Each structure stands twice: as structure tokens, then as C-alpha cells.
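Asker: Quick one: the structure is below, questions incoming.
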Protein chains: 6
Amino acid sequence: MRTNALQELWTAGHVAVNAWLTIPSGWTAELMSHCGFDSVLIDMQHGLIDFEMTVSMLQAISTTSTVPLVRVPWNEPGILMRVLDAGAFGIVCPMINTAEQARTFVGACRYPPAGFRSYGPVRGLLYGGDDYVQRANNTILTLALIETAEALKNLEGIASVEGLSGLYVGPSDLSMSLGIAKRADFDDPKMQEALRHILETAQRHQLIAGVQAGSVDNALRLAAMGFRLVTPMTDSALLQSASRSVAAQMRALHGS
Amino acid sequence: MRTNALQELWTAGHVAVNAWLTIPSGWTAELMSHCGFDSVLIDMQHGLIDFEMTVSMLQAISTTSTVPLVRVPWNEPGILMRVLDAGAFGIVCPMINTAEQARTFVGACRYPPAGFRSYGPVRGLLYGGDDYVQRANNTILTLALIETAEALKNLEGIASVEGLSGLYVGPSDLSMSLGIAKRADFDDPKMQEALRHILETAQRHQLIAGVQAGSVDNALRLAAMGFRLVTPMTDSALLQSASRSVAAQMRALHGS
Amino acid sequence: MRTNALQELWTAGHVAVNAWLTIPSGWTAELMSHCGFDSVLIDMQHGLIDFEMTVSMLQAISTTSTVPLVRVPWNEPGILMRVLDAGAFGIVCPMINTAEQARTFVGACRYPPAGFRSYGPVRGLLYGGDDYVQRANNTILTLALIETAEALKNLEGIASVEGLSGLYVGPSDLSMSLGIAKRADFDDPKMQEALRHILETAQRHQLIAGVQAGSVDNALRLAAMGFRLVTPMTDSALLQSASRSVAAQMRALHGS
Amino acid sequence: MRTNALQELWTAGHVAVNAWLTIPSGWTAELMSHCGFDSVLIDMQHGLIDFEMTVSMLQAISTTSTVPLVRVPWNEPGILMRVLDAGAFGIVCPMINTAEQARTFVGACRYPPAGFRSYGPVRGLLYGGDDYVQRANNTILTLALIETAEALKNLEGIASVEGLSGLYVGPSDLSMSLGIAKRADFDDPKMQEALRHILETAQRHQLIAGVQAGSVDNALRLAAMGFRLVTPMTDSALLQSASRSVAAQMRALHGS
Amino acid sequence: MRTNALQELWTAGHVAVNAWLTIPSGWTAELMSHCGFDSVLIDMQHGLIDFEMTVSMLQAISTTSTVPLVRVPWNEPGILMRVLDAGAFGIVCPMINTAEQARTFVGACRYPPAGFRSYGPVRGLLYGGDDYVQRANNTILTLALIETAEALKNLEGIASVEGLSGLYVGPSDLSMSLGIAKRADFDDPKMQEALRHILETAQRHQLIAGVQAGSVDNALRLAAMGFRLVTPMTDSALLQSASRSVAAQMRALHGS
Amino acid sequence: MRTNALQELWTAGHVAVNAWLTIPSGWTAELMSHCGFDSVLIDMQHGLIDFEMTVSMLQAISTTSTVPLVRVPWNEPGILMRVLDAGAFGIVCPMINTAEQARTFVGACRYPPAGFRSYGPVRGLLYGGDDYVQRANNTILTLALIETAEALKNLEGIASVEGLSGLYVGPSDLSMSLGIAKRADFDDPKMQEALRHILETAQRHQLIAGVQAGSVDNALRLAAMGFRLVTPMTDSALLQSASRSVAAQMRALHGS
């Protein structure tokens, strides 16, 4: 089976840099896969992307060696298994708040006897190789989104679930859940404490800690703290920010 | 009929700033329409966009007051009329090299007796208003792409075609056609001469002169020269450039 | 944030008239939004419409001031949140039979601390405005479909759920569940009793009562009873009925 | 090969009643095919419909015995042949103004030696039957849109083209081309004269005369004049008219 | 209502042969429906097919008399009901491991009082006929996938669920769940025992027993054992196997 | 720029084996690209495939090293250039009957000064590499379909067009055009003579000769004659033939 390049990066001691796709387009997926990121994630939760488009985007990413990840819309076995069959090499699952939820998530991603994933890896076989079924359980990443106060409370149980690959911090939801005034404020003491708690728990359980950083500066800073998978910005945010900047620079032409 | 805000801008003496869409997505079309551009053009020639997607994107743009333009894939009456029926308020038509080609282009965009556009403005009526048919000939822009040595030679004839709204410079093709070493080199003397020739001809015929600038700096400079419709960059170029920059800034994390 | 025009109508003491979309098409969504209805609902349950099409249709509706509503296929947090992120200003949720189900539905539609909606309102921000997150909980409607005998039994508990906006009657399912011989028979005594029970409960809890009327006559009559949101007919029913009528009038031409 | 039911109707002396589809949806295509029309036409010119959607709609129509027709966007051999390969049993071609244009149109629709249609009738074979290629030239209808003053002038030449099945009147374009004040005014003397000229020419050449009627009344009246294929209204017009009527009847609820 | 031809085949004592679609395409669905199979199943679980594509494929199948079946992605009421509304005449539901799960599955497929299916059979009415709602409960097949050790243990309870039509064996998952070394090995003693157990239970409860055979030989052998619904191969497997064989036969041309 | 592996095969003296895609699906495109063919052609003429689907299929093919080819629907500059921009490494153009038509075809595929291809190779740059524009003219194949008596008559002129890469025989159309009784009959003396004429002309002009073979046996035989690019069968034909064979083998189960 094709190896998971993220695992190799981490073994080599590096931090993986991830791009985040919310635009429903195979074209932008291919474009982003050529920009120098280690992995590219298709966001089916807050992105505007259905399953068939996800398949197209996974094909587009597979024209490069960039690792394809998917965030599913919810912790539901049907969509988890379909996305894996389509060739995702890692899943980010939203709102994992309890060990039980983590077990359902991980179970849906692992073939028996480790879990209850159903056989039928159509595109997975083409992308992964003939021994896909034998090796998928060890190759495919399962990353639980930690984004509520409840998840923090249950973190030890979540981290102890067999087969889980990592904890991924969703700072926007986490800050709202913790009652922090400013959304995704990495400087807030409660957020700082949460980040250290998650990092420490991840390291103790030999799990990867990941985080949605929101900017290059945050990403560098969080990597320095110990996060191993960092996402600087989404495609939509990059496009919007660049476009607004261009339009603003051109405003002088309106003579105002 | 809804007025064409570009015409109002020009009447007020301003330069219009245009965004250029090559990504086939209603979402990015809507996003870009909120960024502060005066118009947004859907590129069916070098973009990856079919007609039904064009309709979706026109709807997305119509959620704002940004003016919707379309570049058709080729000077062919079928697609010209369909794009107008879908509600485009301006058309950029590639490779207009002769007066005869310009007449075919303009004729397909104008109802009789000015032209031979066929009646059936489905979405045009909803977007434009009940008097669409009465006013469309005077409201919808027809912009001929001037991008070959042949077009320069025939410029006077092209500019004389009744009903044409403007001349739009395609500098990449033009530089290749003129044998200029560097693509879209606005500093090349032959390009400078061509730009002045086009500007002067446009002004003499009371036509708008537009140009694909390729950067903010070029756009400002070309506006200063007299161009009234300038496109700084395409959506794909903005996204690619911003993404590459982010990935490059993160490279340090790979420890190399 | 853009205000919800339905709330304003109700404050002014009016009844809101809703159109119901089952055809998967941005074009018909735009067409229907121009016909004079107060709101337009995209039916993802019994309509033939997926999520990406829902986004296109929401964009089409947003070219007008008509309020966009969505009926989700089922009471499932993933799809509830995605539809809100796409810009729906109200959700109708099928088969709310218990207070617990109502709590899950409403919770998925409200940001913390009121609920557990996840942050990421991509299109919601563009359509709603920059303060979307601050105001969404008070602006977006949550309407529970009351359509079973079980729901009638649990109505007090359902109506007591904090954050619920209204009770919407599904008369076809309700009549089947109540064992009424004729489907959606508003004249049946059991149906009459159910309607009064729902209306009275809604009014007591300051909730909006809505109803799928099935015809203009029923809609007018139900509005007179006290329903504040009425849907006369679906797009498919309107098209089918008009087309059959035309075909029938033309039958004489077959000489039979 | 499956027979063309329109030909059988005409042999039996009946007038065929046609529905006209502009909505890009297999669902509405199937719905309309169940309403009692003899044929259903997919409008790729003024409808919002691309080729792949046309194929879906042809499949939807083929679930019934209603005859599938297509109007192509323009007189271009590529799209004419593709639509036939997809299983259309008749083509309406816009803007046939000269005998030469009619020959190109008909030639693209007929296999050699009658024309130059290229072999590859993928779906045509499934829908039509194994002897499709042997019988297609005699089964598939070619209907030229007569909608300009130029076409009227050249009518004799157009009607003489071997293999043409009929003349179809486009009254909106025709009235604009003839300088008639009111669009598609069947009462205008110039229009009346044109209709009689077309009818007489068609009958003399044993061609079918068809017409876009715009209403049931017009359709009945034009059938009485001698037109054998009449289209009362489009799907969008039916839906819009029915919806506006419903919304208007509900207006009283706004208390104004 | 249109009768279910599979029920008629079984009444006549025949075995039904099923085709299995994993390719998201109306074209291949139509093609396969013309090949002589009794039914065609659209696989939304391990196929790459969303709901709107399922509707298109159901329309394509409905151009023939082949019976349309669907495998849903998971046992979830929303998708079960949508697929039925779209006109499926039978549902295969994955991972039915307990009587409770079977009751949920069957309940979602049956109108009250037999179950809790919601009214709104849009396409079902067109395809099935005007008395669809009266007869659907007796016409539409509900087939539970038996594919885990847990399901075998609970088989008696599952088979006793009122309204269930059959048990369908998923041999790949079943062999993995039973710890059988070779996937889908029909010769393995444990598999043999499971097959006999399922067959015997089905027959005792007057249920249909079906099975994914994986080859013509297996299908014939399993039919001889008593299975009444057999699927030899999927479309993707047929296409891949035929293509590989062609490519291998052509290899000599590479001179190696 | 990525080299064209077909050119390397030919330089090495081998015959290239091509697969032919008519199914509109990225999934089957990817599947077929893994089967061992040297190139895969997307058929936009007789296949059921639009431009946006072509882009998806090109991406799917690009996950492998198989060379992507496209047959355009017609010899029209707009679609020729769009398909090249999307990353096709070779074009087959239908119905090239004259030298003039060949010049138009080749001109649209070559950048100035060799031709008039417009600049904007969006996906071509990603797939081909940064020096795409410098090398495209020498890397991308232009193959003219020779499929009429007229083309045979003008073969010398066609073959002499600068920049043409090869002559590809369409035997179905050619046999119809030559009045051969049986379609695509390679044994017919007139066909034999045509094949030899085409082969001889191609060899004399150092062009590749290709052919649609229709079966493995024909492909091997035509390769032995000297054809260097052979297509045994289309995807639809492979799927249909395999499916019919399976269904026929299962017929015994119907007890007839």
C-alpha cells in the first residue's frame, strides 16, 4: 500500500503543514495540491462540498503526492466509510466529546476485528494499492476534533481509545464553548491552558496533536508549542483576503 | 431595466475595476462579488466553466450589485445569445481580428433591427426587469478582445462597427502574436505602441478601452494611461499566489 | 445582520405566505422568488434536492429579498448545521415527536451557550452580514414539524423547548398517523381538533403556527383560523396542475 | 426501430400537442412527460440546459411514450449530432434563413448517403432499437425555425431541401424581424400573411407546419388554421403564471 | 400500482438475477438495464453515488421494465425515505445486526400504521401509479444485509420483524467478521454454515434469501443452494476485468 | 514539460494501445487508466461527455502515467483550445475532409507563430509543467479523423499540413461514406484499399497512422499492417458485452 507521507514526516521529526479546502471544485483542489503543502483537507462540514464532489477532489489531489484528508460533516458511520472508500488517507471528525463518540468514529474507520468498517474500498484500492485492505487500519489517520468544554473534561478517555491517531483542536468552537470573549483567541489564558492540556495528553498517549491555526504566525507559534499538524488558513479565506487587498489597492481609481 | 453600473462609473469619469473568474464555482463567484470590485467576469474561454455553471455563477453574482460580465469561449452566435439570456450585462469576445468578425459578434448581441439576437431572455428578464427587451441593446456591453497583429491592422474597421462598446486588450496573446520575447511585457516598445494605438482608436470612436493587467501595479499604470476597465488578476492566480506564499513561509517547519 | 423579514411581517400582524420548492434547480428557485411570496422553502426531504443544489438555490433566492427556508431530510445535526452555514434563515425539521427530539433540533441550530452549533458560517456571513454570529440565534427560525399522534401527545413538552420558533403542521402525515380516512382532510373532526390543539399551544408559548395547506382555499381558511405561516402549494404541484390543464384543453385536437 | 408517434398522429390526421422545457431538470422533464402531451421538447437555445442535462432529460422522457424533441442552441453540426446520438426523435433548429443553412442542418441529421451524420448512436440504439441506423433517416424529424424576414424571402428554397420534415414558426423573433410593434402578435396583418405563406408552402412541399403558440387559445386557433404541431406554453411560463396567481390570491393576508 | 416483477418471478418459482451499479452515471444505469437482468441495484454505500445521481439513475432504469433497487449508505431514516420517494422498488440496508435495527429499517420503509414513513412520494407516484400510497407497503422490498457475526447471532429476531422482505448476505464483510482467512470464501466451513443458517431461517420465515455472489459460477451455485436473488458481479468489476483482459491481450505489441 | 509517453513508445518502435471513454464519469476514467493501456481517450463527440466532465476525467487519468487524449465534438477552435487548456496531450478531430479543415484544426492547437492557439493553459501548466508554453507545440498530438470518401480524395493535402501528427481512421463512417454494405468491414476490398492508402500516405509524411479497431483481433491485425495507435473497444462496449454475457449465463435460472 502507498505509505502515508504524513506518518513519514512525523517519524522524521517534522511538522506537517496542511491546506484546507472549502471550495467545491476539483480545479482548486488540484491547484492547492501543487502549492507545497504536505496534506490537503476537504472540509465536508463547513465547506460547501458533497460526496461526489469530494471524490472528484480526491482524484484531483491524487495527481500529486500531497496526502488527501477529509473532514466529515458529522460522526456518522455511513459518511465515514464512504469517504474512506473514496481514498481519503485521514479523517478529521467533528465534535468528539466523549470516549464513546471516539470509539464510534474510530470503529467506523477500521476493518474487523479492530472496528466495523464495511468492505468495499473501490477507489481506495486504485489509489492505495492491492494490499489496501491489509494495511489500511495502520495507514489511515483518525483525528478527533476537540472543540468543546465537554471534550476537555473527557480528554483522557478520548485519548485512550484504541486506534485513534490524533487530537485536532478546533479553536473557534472551543473558545465559544469555554465562554472566551474573542473567537479563537490563542492568547486567552483559558485557551492556553486547554492547548497545553491537549498537547500533554496527546504526547502521553503517543497521539499527534493538530490545530486550525488561522494564520501563518499562529501556525508557526503553535508548531513551536508542539503541534505536529498545523493548518494556516482555508482556501476561501486566502482568496477573500487576497481579493479584498487587491480591490482596496485599486480604490484610488474611483477618485474618492 | 436595471442600469449598467459600469456605464454610470464611466459617465462619472471613474475607472472600473474588474475581477476575473476561472474557478467553476458559484461559491467563489459570490465571494468575489463581495470583495469590492465593480464588475466580475466569468471566463468561459480559459476558465474551466460550462454554460450551466455560468448560470449558477451569474445568480451568485446577482446577490450583489456587482456587474456580471462573461467571456465566451469563441465568437459563435449560439453561446453569445445563451450567455445574454442568462443575464450577463457585458460580453468579452476573444480573437476579434476583423471588422467582419466584430459585426458577427455585435450582431448576435443586439435585438433587431440593430442585430440578429433571438428573443427568449429567460433569466435576463428576472435580473434586468420587465423592459429588458426594450433597453438591452443600449445596456449590455460588447467588448472585443484585441489580441493579434491582424486585429491591430484592422483596428479602425473593428472600432467602426456600430454597436460595439469597447476594445479590450489581451496582452499575453498580443505579445505572442507580435513576436515579443517576454509574454505580456507592457514595457516592450512594440507593446507600448500597440497600447497607445488601441487607446487612441478607442477614444476617437468613443469606445471604452479595457485591459488584462496581470497585477495591481500594471492595473494602476494602465489606468493612468487611459484604460477605463482594468483587471488586476484572476481568482486562480490570487489563490495560487497566496497559497504558495503561505506554504513557503511554513517551510521552516520541515527543518531544512 | 440582515433582519428576518418573516419576523417583521409577524410583528406587523400579517400572515406570511410561503412557496415550497421540490424541483432541484437554481432557475426555478429564482423564478419562484420573483412571484410575490414572503418566503421560499427548499424541501430536502420529499424534494429531489441535495446539499450542493441547496446552496445554488439559496444563492438564487438571495438575488431577491424573499426569505430562504429549508426543510432538512431528517433531524440530524450534520445537515442542520450545513444548511445554516449555507445561509438558510429558517429550518423546518421533520418528525419532531418528543421534547428530546426538539431539543436536539434546536440545539444544532443555536451557537453556544444556547446550543451546540459548530462555528463556520461560510455563506451565512456573506448573506447575513459581519455580525452574523452575534445575531444568528435570534434571527434564524426553528420550526418543528408536528405530524404524528405521538407529537400531539408530547406537544406541551415540544413547545416548551427554549429557542424553538414555531410549530408547523404536516397534514398528510398527521392524518395518516391519526388514522383519518382521507389524506390531509382539514374537515375531519380529529384533524380539526388537532389543528386547534396545535394553534392554542403555539399561541400560549408565543410560537408561530404554520401549516402546509395544499391549496389557496385551504391556506386562506387556515390563516383565518390563526396560522401565521401558510404554504398553498409546491412548485411541482403547480407545474403539474397547470400542465395537465393545458394538455386537457388541447385534447380536442386529437379528434376524439 | 421504435416508430415516431408524431408521424403516426399526423398520418391519422391529428394535430400534435407539444410541451416545451426550459428548466434544467430531469424531474420536471419526467413530470411534464406524464401530463398528456404528445411530445416534449428540450430547449437548449433559450432554456438553461447543457448537453449532459439534455441526456438526463431525454432519459426521463423515455420513461413514457411521449416523443422526445430537442431545440439545439444553433445550427452547428457538433451539437446536432450529439443530440441525435443521445436519442432525440426530432430536432428544431433555430434561425434557418437560407436553403444553404437548411441543407447544413438536414445534412448533419442524416446518415450517408443522404447526409453527413457521423456514426456512433450510443443512446439512440438503446432507445430506438437495433435497426436504428437503418431507419433513423426516415424516423427522426428535422424542423427548421422560420423566424426572420430573410427566411420568408427564401422559404421556397428552404422548403425544397431534401430530407427536411417541417417548418416551425418562431413568432417572437419573426415579429421583431418584420418590425411588428407588438411581440408575437398573431393578429397583425403582416404576421397573418407570414403564417399563411408558411402554411401554404409547407403543405405544397408535404412538410409539417408547426408553431410556438404562447397560449392555449392561440394554439387552438393556429391548429384550426392548419398547423399540425403546436406548443401552447413553456414549463417556466406555466410555473410562473400559476405561482403569480397563487401569490396574488394570498395577498389579502398582508392586510393591505 | 405497477407490480414488482421480482415478486412475480419468485411466485413463479424462479431465481432473480440482479446487476449492481457502483458507477455514478445515468448512462451506464440505462445500458445495464438493457442487458437482461431482472433487477438493477444502485449502490449508495460502496458505490460513488449521491442522492441526485441516484434519482437520475432510477429514471434511466425506468426506461425499461427492469426492477430498480437501491442500497442505502447506512440505516438512517432520512436517506431510506428519500430513496423510496425517488421510486426505488426495493431497498438493501447495510449492517442489520439486531432486531431493533431491522425494525428501524423496516419502519422507515412502511407507511403508518405499519411504520413511520413520511408521506411525499414525488417520483414514486409517477413511476408507481396513482394508488402508490395504498400499495407501497406490500410492493416495496426491504432486504436486510446480514454481514456480521452479531447478525448471525440475532438472526431469529431479525427475521421475525414484521414487514421485512428478505435477508441478503454480504459475504466479504461476513467473512471478515467471522475471522475467515480468505475474503468471501464460499467454501470455508464457517461460511457454509452461515449460508445454511441464513437460508434455513429465511425459508422458515417466508423471507427471500439473497446473496452477493462475486462471479457467475458462485451465483449459479448459490441459486442451486436456495438463494432467490443473486448478484453475479458489479459494473465496475465487469468493466475492470474486461478492460484488463483486453489490455493484456494487446501487450504483445510492446515487443516485450 | 512532461514528455508525451506515446511519442516515446513510437520512437522505441512500439504500437500504442488506446482505451476509449464514452461514459461520463471520473471514476471509470480512473479505473480504465489503471488497466494497462498506453493512452485513454475521452470521446466528446459520440460519448455523453461535456467539458466540465472532461476536466474531471482528465484529472482522474492524471493520477496515473497513462496519456490523456480527447476527441472533440467538432472542428471548432473554441472547444479545441479549451480541451488543450484542460491538459489533453493529444486531440482527435472528427471529419477532417480537406486540407483547409486540417489547417484550422492544427492552427487552433499550436501557439503562434505556428498557429493561433490563445494563451491561458490553466490546467495544462499544472499537469505539463512550467515550460508548457515553450514545448506544447511539439508535445501535443494532433490526429485528424479520416472517415469520408472526400477525405481520401484530399489525403495528400491533409497529410501535408504542417504540424499535423497523424491520421486516424474512423472505419464506421468511412465504410458508410464508401457505400460498403457492412459497417466497419475491414475485409471489404474498398476498405482494404483505403487503409493501405492512408498507411502509405502517413508513412510518407512521417505521420502516425491510428485506427478504431472494434475488437482485439482487429487491433492486432491492424497493428501488424502498420498502424501505430490502435483502439480495441470502447468502455461502453466492454461493459455491455461483459454484462450481456453474464446475464445470458444466468438465464438458466429462469427455468426456461
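The way I read the labels, and the way they are meant: chains A, B, ... in the order of the C-alpha cells, residue 1 as the first residue of every chain, and ligand 1 as the first ligand shown, with later ones counted on from there.
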DSSP on the backbone: which residues in stretch 32-232 of chain D end up as helix (DSSP H, G or I)? Give the answer as a CSV table (one decimal) with C-alpha atoms, in the first residue's frame.
Answerer:
```csv
chain,number,residue,atom,x,y,z
D,32,MET,CA,-44.2,17.0,-17.9
D,33,SER,CA,-44.0,13.8,-19.9
D,51,PHE,CA,-25.8,18.6,-23.2
D,52,GLU,CA,-25.3,16.3,-20.2
D,53,MET,CA,-28.6,17.6,-18.7
D,54,THR,CA,-30.2,17.1,-22.0
D,55,VAL,CA,-29.2,13.4,-21.9
D,56,SER,CA,-30.7,13.1,-18.4
D,57,MET,CA,-33.9,14.8,-19.5
D,58,LEU,CA,-34.1,12.5,-22.6
D,59,GLN,CA,-33.9,9.5,-20.2
D,60,ALA,CA,-36.6,11.0,-18.1
D,61,ILE,CA,-38.9,11.5,-21.1
D,77,PRO,CA,-23.1,20.0,-36.8
D,78,GLY,CA,-21.4,19.0,-33.5
D,79,ILE,CA,-24.3,19.6,-31.2
D,80,LEU,CA,-26.9,18.4,-33.8
D,81,MET,CA,-25.2,15.0,-34.0
D,82,ARG,CA,-24.7,14.7,-30.2
D,83,VAL,CA,-28.3,15.4,-29.5
D,84,LEU,CA,-29.3,12.8,-32.0
D,85,ASP,CA,-26.9,10.2,-30.6
D,99,ALA,CA,-31.6,27.0,-48.3
D,100,GLU,CA,-27.9,26.6,-47.7
D,101,GLN,CA,-28.4,26.7,-43.9
D,102,ALA,CA,-31.3,24.2,-44.2
D,103,ARG,CA,-29.0,21.9,-46.1
D,104,THR,CA,-26.3,22.0,-43.5
D,105,PHE,CA,-28.9,21.4,-40.8
D,106,VAL,CA,-30.6,18.4,-42.5
D,107,GLY,CA,-27.2,17.0,-43.7
D,108,ALA,CA,-26.0,16.8,-40.1
D,109,CYS,CA,-29.1,14.9,-39.2
D,122,VAL,CA,-24.9,5.4,-28.3
D,123,ARG,CA,-28.2,6.0,-26.6
D,124,GLY,CA,-30.1,6.2,-29.8
D,125,LEU,CA,-29.5,2.4,-30.2
D,126,LEU,CA,-30.9,1.6,-26.7
D,127,TYR,CA,-33.9,3.9,-27.1
D,128,GLY,CA,-34.5,3.3,-30.8
D,132,TYR,CA,-31.7,2.4,-35.5
D,133,VAL,CA,-29.1,3.2,-38.2
D,134,GLN,CA,-31.2,1.7,-41.0
D,135,ARG,CA,-34.3,3.7,-40.1
D,136,ALA,CA,-33.1,6.8,-38.4
D,137,ASN,CA,-33.1,9.0,-41.6
D,138,ASN,CA,-36.9,8.3,-42.0
D,139,THR,CA,-37.9,8.4,-38.4
D,149,ALA,CA,-37.9,38.2,-42.9
D,150,GLU,CA,-34.9,36.7,-44.7
D,151,ALA,CA,-36.3,33.2,-44.1
D,152,LEU,CA,-39.7,34.2,-45.5
D,153,LYS,CA,-38.0,35.5,-48.6
D,155,LEU,CA,-38.9,30.0,-48.0
D,156,GLU,CA,-39.3,28.2,-51.2
D,157,GLY,CA,-35.6,27.2,-51.3
D,158,ILE,CA,-35.7,26.1,-47.6
D,159,ALA,CA,-38.8,24.0,-48.1
D,171,PRO,CA,-43.4,34.2,-33.7
D,172,SER,CA,-41.4,36.4,-31.3
D,173,ASP,CA,-38.4,36.6,-33.5
D,174,LEU,CA,-40.5,36.8,-36.6
D,175,SER,CA,-42.5,39.8,-35.4
D,176,MET,CA,-39.3,41.6,-34.3
D,177,SER,CA,-37.7,40.9,-37.7
D,189,PRO,CA,-51.8,41.6,-40.8
D,190,LYS,CA,-48.1,41.1,-41.6
D,191,MET,CA,-48.0,38.2,-39.2
D,192,GLN,CA,-51.2,36.7,-40.6
D,193,GLU,CA,-49.7,37.0,-44.1
D,194,ALA,CA,-46.5,35.3,-43.0
D,195,LEU,CA,-48.4,32.5,-41.3
D,196,ARG,CA,-50.5,31.8,-44.4
D,197,HIS,CA,-47.3,31.9,-46.6
D,198,ILE,CA,-45.6,29.4,-44.4
D,199,LEU,CA,-48.6,27.1,-44.1
D,200,GLU,CA,-49.2,27.1,-47.8
D,201,THR,CA,-45.5,26.5,-48.6
D,202,ALA,CA,-45.4,23.6,-46.1
D,203,GLN,CA,-48.5,22.0,-47.5
D,204,ARG,CA,-47.3,22.3,-51.1
D,216,VAL,CA,-54.0,27.6,-25.3
D,217,ASP,CA,-56.3,29.9,-27.2
D,218,ASN,CA,-53.6,30.7,-29.8
D,219,ALA,CA,-52.7,27.0,-30.0
D,220,LEU,CA,-56.3,26.0,-30.8
D,221,ARG,CA,-56.7,28.8,-33.3
D,222,LEU,CA,-53.4,28.0,-35.1
D,223,ALA,CA,-54.4,24.3,-35.2
D,224,ALA,CA,-57.6,25.3,-36.8
D,225,MET,CA,-55.6,27.3,-39.4
```
Asker: Enumerate as a PyMOL selection string all residues of stretch 10-93 of chain B assigned to strand (DSSP E or B) by DSSP on the backbone, naming them with the chain letters and numbers the document uses.
Answerer: chain B and resi 16-21+39-43+67-71+90-93
Asker: Kindly provide, as a VMD selection string, the residues of chain E having any atom no farther than 10 Å from an atom of chain A, counting only C-alpha atoms.
Answerer: chain E and resid 22 24 44 to 51 53 72 to 76 94 to 95 147 to 148 170 to 179 183 236 to 237
Asker: So that I can see what lies close to stretch 142-145 of chain E, please list as a CSV table (one decimal) with N, CA and C atoms, in the first residue's frame the residues with an atom at most 6 Å from it, counting only C-alpha atoms and leaving out residues fewer than 3 positions away in the same chain.
Answerer:
```
chain,number,residue,atom,x,y,z
E,90,GLY,N,-37.2,-1.5,-4.1
E,90,GLY,CA,-36.6,-2.3,-3.1
E,90,GLY,C,-35.4,-1.7,-2.5
E,91,ILE,N,-35.2,-1.9,-1.2
E,91,ILE,CA,-34.0,-1.3,-0.5
E,91,ILE,C,-33.2,-2.5,0.1
E,92,VAL,N,-31.9,-2.4,-0.1
E,92,VAL,CA,-31.0,-3.2,0.7
E,92,VAL,C,-30.3,-2.3,1.7
E,93,CYS,N,-30.4,-2.7,3.0
E,93,CYS,CA,-29.9,-1.9,4.0
E,93,CYS,C,-28.7,-2.6,4.7
E,94,PRO,N,-27.5,-1.9,4.8
E,94,PRO,CA,-26.3,-2.5,5.3
E,94,PRO,C,-26.3,-2.7,6.8
E,95,MET,N,-25.6,-3.6,7.3
E,95,MET,CA,-25.2,-3.8,8.7
E,95,MET,C,-26.4,-3.9,9.6
E,96,ILE,N,-27.4,-4.8,9.2
E,96,ILE,CA,-28.5,-5.0,10.1
E,96,ILE,C,-28.1,-6.1,11.1
E,164,LEU,N,-40.4,-7.2,7.0
E,164,LEU,CA,-39.1,-7.4,6.4
E,164,LEU,C,-39.4,-8.4,5.2
E,165,SER,N,-38.7,-8.1,4.0
E,165,SER,CA,-38.9,-9.0,2.9
E,165,SER,C,-37.9,-10.1,2.7
E,166,GLY,N,-36.7,-9.8,3.2
E,166,GLY,CA,-35.6,-10.8,2.9
E,166,GLY,C,-34.3,-10.5,3.7
E,167,LEU,N,-33.5,-11.5,3.6
E,167,LEU,CA,-32.1,-11.5,4.2
E,167,LEU,C,-31.1,-11.5,3.0
E,168,TYR,N,-30.2,-10.6,3.0
E,168,TYR,CA,-29.3,-10.6,1.8
E,168,TYR,C,-27.9,-10.7,2.4
E,169,VAL,N,-27.1,-11.7,2.0
E,169,VAL,CA,-25.8,-12.0,2.5
E,169,VAL,C,-24.7,-11.1,1.9
```
Asker: If we count only C-alpha atoms, what is near F:Val40 at a cut-off of 6 Å, once residues fewer than 2 positions away on the same chain are taken out, given as a ChimeraX atom specification?
Answerer: /F:18-20,68-69
Asker: As an exercise, work out the distance from atom CA of B:Ala184 to atom CA of A:Ser245 in Å and give it to one decimal place.
Answerer: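 Atom CA of A:Ser245 lies at a distance of 23.1 Å from atom CA of B:Ala184.
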Asker: Quick one: pull the distance between atom CA of C:Gln212 and atom CA of D:Ala252, Å, one decimal.
Answerer: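 Distance reported for this atom pair: 18.3 Å.
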